[in-house]
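Shown here: entry.pdb, PDB, C-alpha atoms, pLDDT in the B column.
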```pdb
ATOM      1  CA  MET E   1     -24.232  -0.795  -1.979  1.00 75.00           C
ATOM      2  CA  GLU E   2     -23.273  -3.312   0.689  1.00 83.00           C
ATOM      3  CA  THR E   3     -21.607  -5.502  -1.925  1.00 88.00           C
ATOM      4  CA  LEU E   4     -19.495  -2.589  -3.155  1.00 88.00           C
ATOM      5  CA  MET E   5     -18.442  -1.747   0.384  1.00 89.00           C
ATOM      6  CA  THR E   6     -17.530  -5.371   1.086  1.00 92.00           C
ATOM      7  CA  VAL E   7     -15.457  -5.597  -2.106  1.00 94.00           C
ATOM      8  CA  LEU E   8     -13.683  -2.339  -1.274  1.00 94.00           C
ATOM      9  CA  MET E   9     -12.952  -3.548   2.260  1.00 95.00           C
ATOM     10  CA  VAL E  10     -11.442  -6.777   0.902  1.00 96.00           C
ATOM     11  CA  ILE E  11      -9.316  -4.778  -1.568  1.00 96.00           C
ATOM     12  CA  ILE E  12      -8.134  -2.522   1.264  1.00 96.00           C
ATOM     13  CA  ALA E  13      -7.192  -5.501   3.439  1.00 97.00           C
ATOM     14  CA  ILE E  14      -5.329  -7.334   0.667  1.00 97.00           C
ATOM     15  CA  THR E  15      -3.456  -4.277  -0.566  1.00 97.00           C
ATOM     16  CA  SER E  16      -2.527  -3.352   3.009  1.00 96.00           C
ATOM     17  CA  VAL E  17      -0.808  -6.690   3.569  1.00 96.00           C
ATOM     18  CA  ILE E  18       0.870  -6.607   0.148  1.00 96.00           C
ATOM     19  CA  ALA E  19       2.064  -3.024   0.676  1.00 95.00           C
ATOM     20  CA  VAL E  20       3.643  -3.901   4.025  1.00 93.00           C
ATOM     21  CA  LEU E  21       5.450  -6.871   2.485  1.00 93.00           C
ATOM     22  CA  LEU E  22       6.654  -4.847  -0.491  1.00 91.00           C
ATOM     23  CA  VAL E  23       7.933  -2.028   1.704  1.00 90.00           C
ATOM     24  CA  LEU E  24       9.857  -4.541   3.783  1.00 89.00           C
ATOM     25  CA  LEU E  25      11.350  -6.058   0.623  1.00 87.00           C
ATOM     26  CA  ASN E  26      12.652  -2.708  -0.625  1.00 82.00           C
ATOM     27  CA  ARG E  27      16.228  -1.982   0.250  1.00 71.00           C
ATOM     28  CA  GLY E  28      17.123   1.029   2.349  1.00 67.00           C
ATOM     29  CA  GLN E  29      18.393   4.142   0.580  1.00 64.00           C
ATOM     30  CA  GLY E  30      20.820   4.992   3.363  1.00 59.00           C
ATOM     31  CA  GLY E  31      20.759   7.176   6.424  1.00 52.00           C
ATOM     32  CA  GLY E  32      17.803   5.422   7.999  1.00 52.00           C
ATOM     33  CA  LEU E  33      17.281   2.856  10.701  1.00 53.00           C
ATOM     34  CA  SER E  34      18.560   0.064   8.477  1.00 53.00           C
ATOM     35  CA  ASP E  35      22.025   1.664   8.444  1.00 56.00           C
ATOM     36  CA  MET E  36      21.967   2.127  12.192  1.00 56.00           C
ATOM     37  CA  PHE E  37      21.613  -1.612  12.757  1.00 61.00           C
ATOM     38  CA  GLY E  38      24.044  -2.715  10.054  1.00 60.00           C
ATOM     39  CA  GLY E  39      21.631  -3.062   7.141  1.00 57.00           C
ATOM     40  CA  GLY E  40      23.586  -0.604   5.018  1.00 54.00           C
ATOM     41  CA  MET E  41      26.473  -3.012   4.514  1.00 52.00           C
ATOM     42  CA  THR E  42      24.336  -5.667   2.841  1.00 52.00           C
ATOM     43  CA  SER E  43      22.049  -3.365   0.855  1.00 50.00           C
ATOM     44  CA  SER E  44      24.127  -3.773  -2.297  1.00 51.00           C
ATOM     45  CA  LEU E  45      23.590  -7.543  -2.174  1.00 50.00           C
ATOM     46  CA  ASN E  46      19.793  -7.441  -2.123  1.00 52.00           C
ATOM     47  CA  SER E  47      18.851  -7.062  -5.764  1.00 53.00           C
ATOM     48  CA  SER E  48      19.959  -5.795  -9.109  1.00 66.00           C
ATOM     49  CA  GLY E  49      19.084  -2.356 -10.425  1.00 78.00           C
ATOM     50  CA  MET E  50      16.227  -3.482 -12.660  1.00 83.00           C
ATOM     51  CA  ALA E  51      14.687  -5.714 -10.003  1.00 81.00           C
ATOM     52  CA  SER E  52      14.848  -2.861  -7.521  1.00 83.00           C
ATOM     53  CA  LYS E  53      13.134  -0.480  -9.967  1.00 87.00           C
ATOM     54  CA  ASN E  54      10.384  -3.007 -10.650  1.00 89.00           C
ATOM     55  CA  LEU E  55       9.891  -3.566  -6.922  1.00 90.00           C
ATOM     56  CA  ILE E  56       9.541   0.177  -6.367  1.00 89.00           C
ATOM     57  CA  ARG E  57       7.039   0.449  -9.238  1.00 92.00           C
ATOM     58  CA  LEU E  58       5.008  -2.416  -7.811  1.00 94.00           C
ATOM     59  CA  THR E  59       5.053  -0.829  -4.350  1.00 94.00           C
ATOM     60  CA  VAL E  60       3.850   2.506  -5.723  1.00 94.00           C
ATOM     61  CA  THR E  61       1.120   0.816  -7.782  1.00 96.00           C
ATOM     62  CA  VAL E  62      -0.193  -1.146  -4.793  1.00 97.00           C
ATOM     63  CA  SER E  63      -0.097   2.004  -2.658  1.00 96.00           C
ATOM     64  CA  ILE E  64      -2.102   3.958  -5.247  1.00 97.00           C
ATOM     65  CA  ILE E  65      -4.700   1.166  -5.432  1.00 97.00           C
ATOM     66  CA  TRP E  66      -4.889   1.221  -1.619  1.00 97.00           C
ATOM     67  CA  VAL E  67      -5.460   4.990  -1.501  1.00 97.00           C
ATOM     68  CA  VAL E  68      -8.100   4.902  -4.255  1.00 96.00           C
ATOM     69  CA  ALA E  69      -9.937   2.065  -2.490  1.00 96.00           C
ATOM     70  CA  ILE E  70      -9.957   4.022   0.774  1.00 96.00           C
ATOM     71  CA  VAL E  71     -11.281   7.158  -0.940  1.00 95.00           C
ATOM     72  CA  LEU E  72     -13.992   5.145  -2.706  1.00 93.00           C
ATOM     73  CA  TYR E  73     -14.935   3.448   0.562  1.00 93.00           C
ATOM     74  CA  GLY E  74     -15.218   6.828   2.258  1.00 91.00           C
ATOM     75  CA  LEU E  75     -17.408   8.142  -0.551  1.00 90.00           C
ATOM     76  CA  ALA E  76     -19.582   5.041  -0.378  1.00 89.00           C
ATOM     77  CA  LEU E  77     -20.016   5.580   3.357  1.00 87.00           C
ATOM     78  CA  ARG E  78     -20.808   9.241   2.843  1.00 85.00           C
ATOM     79  CA  PHE E  79     -23.419   8.754   0.153  1.00 84.00           C
ATOM     80  CA  ASN E  80     -24.883   5.646   1.721  1.00 78.00           C
ATOM     81  CA  GLY E  81     -26.139   7.791   4.593  1.00 61.00           C
ATOM     82  CA  GLN E  82     -24.186   6.028   7.331  1.00 56.00           C
ATOM     83  CA  ILE E  83     -22.044   9.060   8.172  1.00 50.00           C
ATOM     84  CA  VAL E  84     -23.747  12.411   8.678  1.00 49.00           C
ATOM     85  CA  PHE E  85     -21.657  15.572   8.848  1.00 44.00           C
TER
END
```
Spit out the file's structure as structure tokens when you get a sec.
Amino acid sequence: METLMTVLMVIIAITSVIAVLLVLLNRGQGGGLSDMFGGGMTSSLNSSGMASKNLIRLTVTVSIIWVVAIVLYGLALRFNGQIVF
């Protein structure tokens, strides 16, 4: 069980870093903080339509893997007897 928890913790750490990087790579959709500081003017220069769609798909996929890993880690903690409710 300790090996599973270690693997899940490594997956959570890696996907956390990747998710942060992918979110920062995505262009703003307008009306947010990026427009307030001038990011809205250059948002059309960031990437093409297909590259932007693929980046969004990759971000969503990494986020789903992150959530599933956290849920599995919580279940492993619960059924390992370390957390008692």
Atom CA of E:Asn54 sits from atom CA of E:Asn26 at a separation of 10.3 Å
### Message
Considering all atoms listed in the file, can you say which of E:Tyr73, E:Val67, E:Phe79, E:Ala19 comes closest to E:Leu55?
### Response
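Among the listed residues, the smallest separation from E:Leu55 belongs to E:Ala19.
Of the listed residues E:Val17, E:Ala69, E:Val23, E:Met1, the one whose atoms come nearest to E:Ile56 is E:Val23, with distances taken using only C-alpha atoms.
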request  = Decode the PyMOL selection byres ((chain E and resi 72) around 12) for the given file into explicit residues and return them as JSON, numbers by chain.
outcome  = {"E": [1, 4, 5, 6, 7, 8, 9, 11, 12, 65, 66, 67, 68, 69, 70, 71, 73, 74, 75, 76, 77, 78, 79, 80]}
Open item on the list: What's the separation between atom CA of E:Glu2 and atom CA of E:Ser16, in Å to one decimal place?
Closed with: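 We find that atom CA of E:Glu2 and atom CA of E:Ser16 lie 20.9 Å from each other.
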Could you add the missing atoms to stretch 69-80 of chain E, up to all heavy atoms, and return them as a PDB file, in the coordinates of the input?
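Heads up, here's the output in result-v9.pdb:
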```
ATOM      1  N   ALA E  69      -8.913   2.893  -3.138  1.00 96.00           N
ATOM      2  CA  ALA E  69      -9.937   2.065  -2.490  1.00 96.00           C
ATOM      3  C   ALA E  69     -10.438   2.714  -1.209  1.00 96.00           C
ATOM      4  O   ALA E  69     -11.637   2.682  -0.912  1.00 96.00           O
ATOM      5  CB  ALA E  69      -9.382   0.672  -2.194  1.00 96.00           C
ATOM      6  N   ILE E  70      -9.538   3.342  -0.451  1.00 96.00           N
ATOM      7  CA  ILE E  70      -9.957   4.022   0.774  1.00 96.00           C
ATOM      8  C   ILE E  70     -10.835   5.232   0.462  1.00 96.00           C
ATOM      9  O   ILE E  70     -11.855   5.465   1.122  1.00 96.00           O
ATOM     10  CB  ILE E  70      -8.728   4.420   1.623  1.00 96.00           C
ATOM     11  CG1 ILE E  70      -8.125   3.177   2.237  1.00 96.00           C
ATOM     12  CG2 ILE E  70      -9.108   5.426   2.700  1.00 96.00           C
ATOM     13  CD1 ILE E  70      -6.896   3.413   3.044  1.00 96.00           C
ATOM     14  N   VAL E  71     -10.471   5.993  -0.560  1.00 95.00           N
ATOM     15  CA  VAL E  71     -11.281   7.158  -0.940  1.00 95.00           C
ATOM     16  C   VAL E  71     -12.658   6.697  -1.414  1.00 95.00           C
ATOM     17  O   VAL E  71     -13.687   7.282  -1.038  1.00 95.00           O
ATOM     18  CB  VAL E  71     -10.555   7.993  -2.019  1.00 95.00           C
ATOM     19  CG1 VAL E  71     -11.484   9.025  -2.629  1.00 95.00           C
ATOM     20  CG2 VAL E  71      -9.323   8.662  -1.430  1.00 95.00           C
ATOM     21  N   LEU E  72     -12.701   5.656  -2.235  1.00 93.00           N
ATOM     22  CA  LEU E  72     -13.992   5.145  -2.706  1.00 93.00           C
ATOM     23  C   LEU E  72     -14.837   4.604  -1.557  1.00 93.00           C
ATOM     24  O   LEU E  72     -16.061   4.781  -1.538  1.00 93.00           O
ATOM     25  CB  LEU E  72     -13.773   4.066  -3.768  1.00 93.00           C
ATOM     26  CG  LEU E  72     -13.244   4.548  -5.110  1.00 93.00           C
ATOM     27  CD1 LEU E  72     -12.972   3.356  -6.036  1.00 93.00           C
ATOM     28  CD2 LEU E  72     -14.206   5.525  -5.753  1.00 93.00           C
ATOM     29  N   TYR E  73     -14.196   3.956  -0.603  1.00 93.00           N
ATOM     30  CA  TYR E  73     -14.935   3.448   0.562  1.00 93.00           C
ATOM     31  C   TYR E  73     -15.508   4.602   1.383  1.00 93.00           C
ATOM     32  O   TYR E  73     -16.646   4.547   1.840  1.00 93.00           O
ATOM     33  CB  TYR E  73     -14.021   2.578   1.426  1.00 93.00           C
ATOM     34  CG  TYR E  73     -14.743   1.884   2.547  1.00 93.00           C
ATOM     35  CD1 TYR E  73     -15.527   0.762   2.298  1.00 93.00           C
ATOM     36  CD2 TYR E  73     -14.655   2.344   3.853  1.00 93.00           C
ATOM     37  CE1 TYR E  73     -16.204   0.127   3.319  1.00 93.00           C
ATOM     38  CE2 TYR E  73     -15.324   1.714   4.881  1.00 93.00           C
ATOM     39  CZ  TYR E  73     -16.092   0.598   4.611  1.00 93.00           C
ATOM     40  OH  TYR E  73     -16.771  -0.028   5.620  1.00 93.00           O
ATOM     41  N   GLY E  74     -14.727   5.649   1.549  1.00 91.00           N
ATOM     42  CA  GLY E  74     -15.218   6.828   2.258  1.00 91.00           C
ATOM     43  C   GLY E  74     -16.381   7.482   1.544  1.00 91.00           C
ATOM     44  O   GLY E  74     -17.347   7.910   2.174  1.00 91.00           O
ATOM     45  N   LEU E  75     -16.299   7.581   0.221  1.00 90.00           N
ATOM     46  CA  LEU E  75     -17.408   8.142  -0.551  1.00 90.00           C
ATOM     47  C   LEU E  75     -18.652   7.267  -0.465  1.00 90.00           C
ATOM     48  O   LEU E  75     -19.774   7.771  -0.385  1.00 90.00           O
ATOM     49  CB  LEU E  75     -16.988   8.341  -2.008  1.00 90.00           C
ATOM     50  CG  LEU E  75     -15.996   9.469  -2.272  1.00 90.00           C
ATOM     51  CD1 LEU E  75     -15.537   9.434  -3.715  1.00 90.00           C
ATOM     52  CD2 LEU E  75     -16.610  10.810  -1.923  1.00 90.00           C
ATOM     53  N   ALA E  76     -18.438   5.945  -0.492  1.00 89.00           N
ATOM     54  CA  ALA E  76     -19.582   5.041  -0.378  1.00 89.00           C
ATOM     55  C   ALA E  76     -20.243   5.187   0.988  1.00 89.00           C
ATOM     56  O   ALA E  76     -21.472   5.159   1.094  1.00 89.00           O
ATOM     57  CB  ALA E  76     -19.130   3.591  -0.605  1.00 89.00           C
ATOM     58  N   LEU E  77     -19.440   5.354   2.029  1.00 87.00           N
ATOM     59  CA  LEU E  77     -20.016   5.580   3.357  1.00 87.00           C
ATOM     60  C   LEU E  77     -20.781   6.897   3.413  1.00 87.00           C
ATOM     61  O   LEU E  77     -21.859   6.982   3.990  1.00 87.00           O
ATOM     62  CB  LEU E  77     -18.913   5.592   4.419  1.00 87.00           C
ATOM     63  CG  LEU E  77     -18.400   4.259   4.906  1.00 87.00           C
ATOM     64  CD1 LEU E  77     -17.238   4.461   5.870  1.00 87.00           C
ATOM     65  CD2 LEU E  77     -19.491   3.460   5.563  1.00 87.00           C
ATOM     66  N   ARG E  78     -20.201   7.904   2.809  1.00 85.00           N
ATOM     67  CA  ARG E  78     -20.808   9.241   2.843  1.00 85.00           C
ATOM     68  C   ARG E  78     -22.154   9.267   2.122  1.00 85.00           C
ATOM     69  O   ARG E  78     -23.129   9.820   2.618  1.00 85.00           O
ATOM     70  CB  ARG E  78     -19.849  10.252   2.217  1.00 85.00           C
ATOM     71  CG  ARG E  78     -20.406  11.628   2.056  1.00 85.00           C
ATOM     72  CD  ARG E  78     -20.527  12.310   3.388  1.00 85.00           C
ATOM     73  NE  ARG E  78     -20.948  13.689   3.167  1.00 85.00           N
ATOM     74  CZ  ARG E  78     -21.840  14.283   3.904  1.00 85.00           C
ATOM     75  NH1 ARG E  78     -22.378  13.670   4.921  1.00 85.00           N
ATOM     76  NH2 ARG E  78     -22.180  15.526   3.644  1.00 85.00           N
ATOM     77  N   PHE E  79     -22.201   8.692   0.951  1.00 84.00           N
ATOM     78  CA  PHE E  79     -23.419   8.754   0.153  1.00 84.00           C
ATOM     79  C   PHE E  79     -24.387   7.618   0.440  1.00 84.00           C
ATOM     80  O   PHE E  79     -25.482   7.584  -0.089  1.00 84.00           O
ATOM     81  CB  PHE E  79     -23.078   8.821  -1.332  1.00 84.00           C
ATOM     82  CG  PHE E  79     -22.404  10.108  -1.698  1.00 84.00           C
ATOM     83  CD1 PHE E  79     -21.100  10.122  -2.164  1.00 84.00           C
ATOM     84  CD2 PHE E  79     -23.065  11.314  -1.557  1.00 84.00           C
ATOM     85  CE1 PHE E  79     -20.475  11.310  -2.495  1.00 84.00           C
ATOM     86  CE2 PHE E  79     -22.448  12.510  -1.883  1.00 84.00           C
ATOM     87  CZ  PHE E  79     -21.149  12.506  -2.348  1.00 84.00           C
ATOM     88  N   ASN E  80     -23.981   6.699   1.287  1.00 78.00           N
ATOM     89  CA  ASN E  80     -24.883   5.646   1.721  1.00 78.00           C
ATOM     90  C   ASN E  80     -25.731   6.107   2.899  1.00 78.00           C
ATOM     91  O   ASN E  80     -26.681   5.451   3.278  1.00 78.00           O
ATOM     92  CB  ASN E  80     -24.087   4.390   2.100  1.00 78.00           C
ATOM     93  CG  ASN E  80     -24.964   3.171   2.205  1.00 78.00           C
ATOM     94  OD1 ASN E  80     -26.054   3.125   1.659  1.00 78.00           O
ATOM     95  ND2 ASN E  80     -24.482   2.172   2.921  1.00 78.00           N
TER      96      ASN E  80
END
```
